[in-house]
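K.L.:
To start, I am sharing the structure in question, which I have written as structure tokens.
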Amino acid sequence: MQIKLKIVLIIIVLIYILFILKAVKRKNMRIGYLAFWSITGGILIIALLIPNLVENISNLLGFGIPINMIFSIAIFIILYLIFNLTILISKEQNKNILLVQEISILKKRINELEKKEEKSDGK
Amino acid sequence: MKVLLIIPAYNEEENIEKTVKKIENYNKDVDYIVINDGSKDNTYKILDEKNIKHIDLVHNLGIGGAVQTGYKYAYENNYDIAIQFDGDGQHDINCIDKIIDPLVNEKVDMCIGTRYLDKSSSKFQSTFIRRLGSNIISIFIKLFTRTKITDPTSGFRAVNRNVIEEFAKNYPTEYPEPESTVSLLVKKYKVKEVPVNMNEREGGDSSLTLNFWKPVDYMIKVILAIIVDSISFRRKGGKK
């Protein structure tokens, strides 16, 4: 890989890590998810800093050119991530339905009780 | 015996008052609860002003989530029988006796009111596309549960205390009518159909309006749901 390209990529990864830190600082990301994102950031940095690492691994695994390996890995990771998000969303939807139902039933009961109290106060 | 009508309502300002009036004038002793599913029109105002017993969902959940709220209410208030009843005037209050009867006299767990079993029972037979859809769903239910249900998308159904408890805890909220039927059949509850009269909708839009993609999408997902339910519930084992 050309040294110029490497520098550009390292800068991009650094910005990416900055984004992660910012999200954590603003509490927009729970610590559980932080693990995933910081590990991917770490792997990217290591892959860029150790010379010929990507080339050697891709030769070892039989990929024609290193970029093919990178794309393949990236696609699999993204698929895995989206799959997990779908499961997460489904779970949250179910919880959401449960909450709306219980709150609505409680609201009705509170209203009824308040009306009863008003009546007994009136007497 | 305490009987509750569960009436899901979404944007039903034109019909809901009429429906409730009919129920109140009905000479048998039945309670009702309207579940206002986050309507965007004046439904909630009408419910408040006319003193109609109702639960306002704080957020729109869709028909499945709304009806389950009704089952939860029925369970908490110790009702023996719950009947799902549409707020749009499609269902006929005079058929209530007919639909409860198998629960009381034949120990059936759920009784579905159908348009198709006896064609003379209902003047309104719905559109060709809908009947085609119903038939396809029917075939799949028969395939996976070995039981014939002629009107699997009918929302007019009565259930006993056991099923109220079951539905209060888990009710398929995505494609409620066919899915709940399949889940009960797989868990070895007894399900029966009786012919009832249904009217054409008096106003508002049906949840399945006519465009091409929506019914196709619905069919594919319902069939998928039937397959998944019949496998997953069978694994977990049936009724205690």
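Residue numbering restarts at 1 in every chain; chains get A, B, ... in the order shown in the structure tokens, and ligands count up from 1 in that same order.
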Select all residues from chain A having any atom no more than 6 Å from an atom of chain B (counting only C-alpha atoms, ignoring ligands), output as a PyMOL selection string.

P.N.:
chain A and resi 101+104+108

K.L.:
Would you pick out the contacts of Phe156 of chain B at 7 Å or less, using only C-alpha atoms, so that residues sharing its chain but fewer than 4 positions from it are not included, and give the list as a list in words?

P.N.:
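Answer for this query is Gln84, Phe85, His91, Ile112 and Gly113 of chain B.
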
K.L.:
Can I get the selection written as a PDB file, in the first residue's frame, with all heavy atoms?

P.N.:
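And here's part_17.pdb as it stands now:
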ATOM      1  N   GLN B  84     -64.755 -10.456  20.589  1.00  0.00           N
ATOM      2  CA  GLN B  84     -64.174  -9.399  19.770  1.00  0.00           C
ATOM      3  C   GLN B  84     -65.247  -8.895  18.829  1.00  0.00           C
ATOM      4  O   GLN B  84     -65.912  -9.683  18.161  1.00  0.00           O
ATOM      5  CB  GLN B  84     -63.047 -10.026  18.963  1.00  0.00           C
ATOM      6  CG  GLN B  84     -61.838  -9.169  18.821  1.00  0.00           C
ATOM      7  CD  GLN B  84     -60.776  -9.945  18.077  1.00  0.00           C
ATOM      8  OE1 GLN B  84     -60.334 -10.989  18.536  1.00  0.00           O
ATOM      9  NE2 GLN B  84     -60.396  -9.449  16.921  1.00  0.00           N
ATOM     10  N   PHE B  85     -65.399  -7.581  18.775  1.00  0.00           N
ATOM     11  CA  PHE B  85     -66.528  -7.012  18.042  1.00  0.00           C
ATOM     12  C   PHE B  85     -66.057  -5.734  17.362  1.00  0.00           C
ATOM     13  O   PHE B  85     -65.533  -4.848  18.020  1.00  0.00           O
ATOM     14  CB  PHE B  85     -67.639  -6.718  19.053  1.00  0.00           C
ATOM     15  CG  PHE B  85     -68.979  -6.435  18.455  1.00  0.00           C
ATOM     16  CD1 PHE B  85     -69.792  -7.483  18.047  1.00  0.00           C
ATOM     17  CD2 PHE B  85     -69.439  -5.130  18.310  1.00  0.00           C
ATOM     18  CE1 PHE B  85     -71.044  -7.232  17.489  1.00  0.00           C
ATOM     19  CE2 PHE B  85     -70.683  -4.876  17.755  1.00  0.00           C
ATOM     20  CZ  PHE B  85     -71.486  -5.925  17.353  1.00  0.00           C
ATOM     21  N   HIS B  91     -70.233  -6.080  12.336  1.00  0.00           N
ATOM     22  CA  HIS B  91     -70.756  -7.252  13.055  1.00  0.00           C
ATOM     23  C   HIS B  91     -72.153  -6.986  13.600  1.00  0.00           C
ATOM     24  O   HIS B  91     -72.495  -5.862  13.938  1.00  0.00           O
ATOM     25  CB  HIS B  91     -69.807  -7.631  14.188  1.00  0.00           C
ATOM     26  CG  HIS B  91     -68.440  -8.021  13.695  1.00  0.00           C
ATOM     27  ND1 HIS B  91     -67.320  -7.936  14.480  1.00  0.00           N
ATOM     28  CD2 HIS B  91     -68.039  -8.474  12.492  1.00  0.00           C
ATOM     29  CE1 HIS B  91     -66.269  -8.336  13.767  1.00  0.00           C
ATOM     30  NE2 HIS B  91     -66.688  -8.663  12.559  1.00  0.00           N
ATOM     31  N   ILE B 112     -65.634 -18.822  16.251  1.00  0.00           N
ATOM     32  CA  ILE B 112     -65.442 -17.772  15.248  1.00  0.00           C
ATOM     33  C   ILE B 112     -66.723 -17.597  14.442  1.00  0.00           C
ATOM     34  O   ILE B 112     -67.316 -18.573  13.996  1.00  0.00           O
ATOM     35  CB  ILE B 112     -64.290 -18.141  14.286  1.00  0.00           C
ATOM     36  CG1 ILE B 112     -63.003 -18.421  15.057  1.00  0.00           C
ATOM     37  CG2 ILE B 112     -64.072 -17.048  13.257  1.00  0.00           C
ATOM     38  CD1 ILE B 112     -61.883 -18.987  14.205  1.00  0.00           C
ATOM     39  N   GLY B 113     -67.140 -16.362  14.285  1.00  0.00           N
ATOM     40  CA  GLY B 113     -68.298 -16.085  13.429  1.00  0.00           C
ATOM     41  C   GLY B 113     -67.852 -16.009  11.986  1.00  0.00           C
ATOM     42  O   GLY B 113     -66.964 -15.243  11.648  1.00  0.00           O
TER      43      GLY B 113
END

K.L.:
For a quick check of understanding, using only C-alpha atoms, which of B:Gln90, B:Asn15, B:Thr114, B:Ser230 has the smallest distance to Lys142 of chain B?

P.N.:
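Answer, going by the shortest atom-to-atom distance: B:Ser230.
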
K.L.:
Determine which residues of segment 79-194 of chain B receive a DSSP assignment of helix (DSSP H, G or I), computed from the backbone, and state them as number ranges by chain.

P.N.:
B: 93-105, 119-121, 128-145, 161-169, 176-186

K.L.:
Find the residues near Ile136 of chain B: any atom within 10 Å, counting only C-alpha atoms, skip ones fewer than 5 places away on the same chain, and give them as a PyMOL selection string.

P.N.:
chain B and resi 130-131+141-142+152+219+223
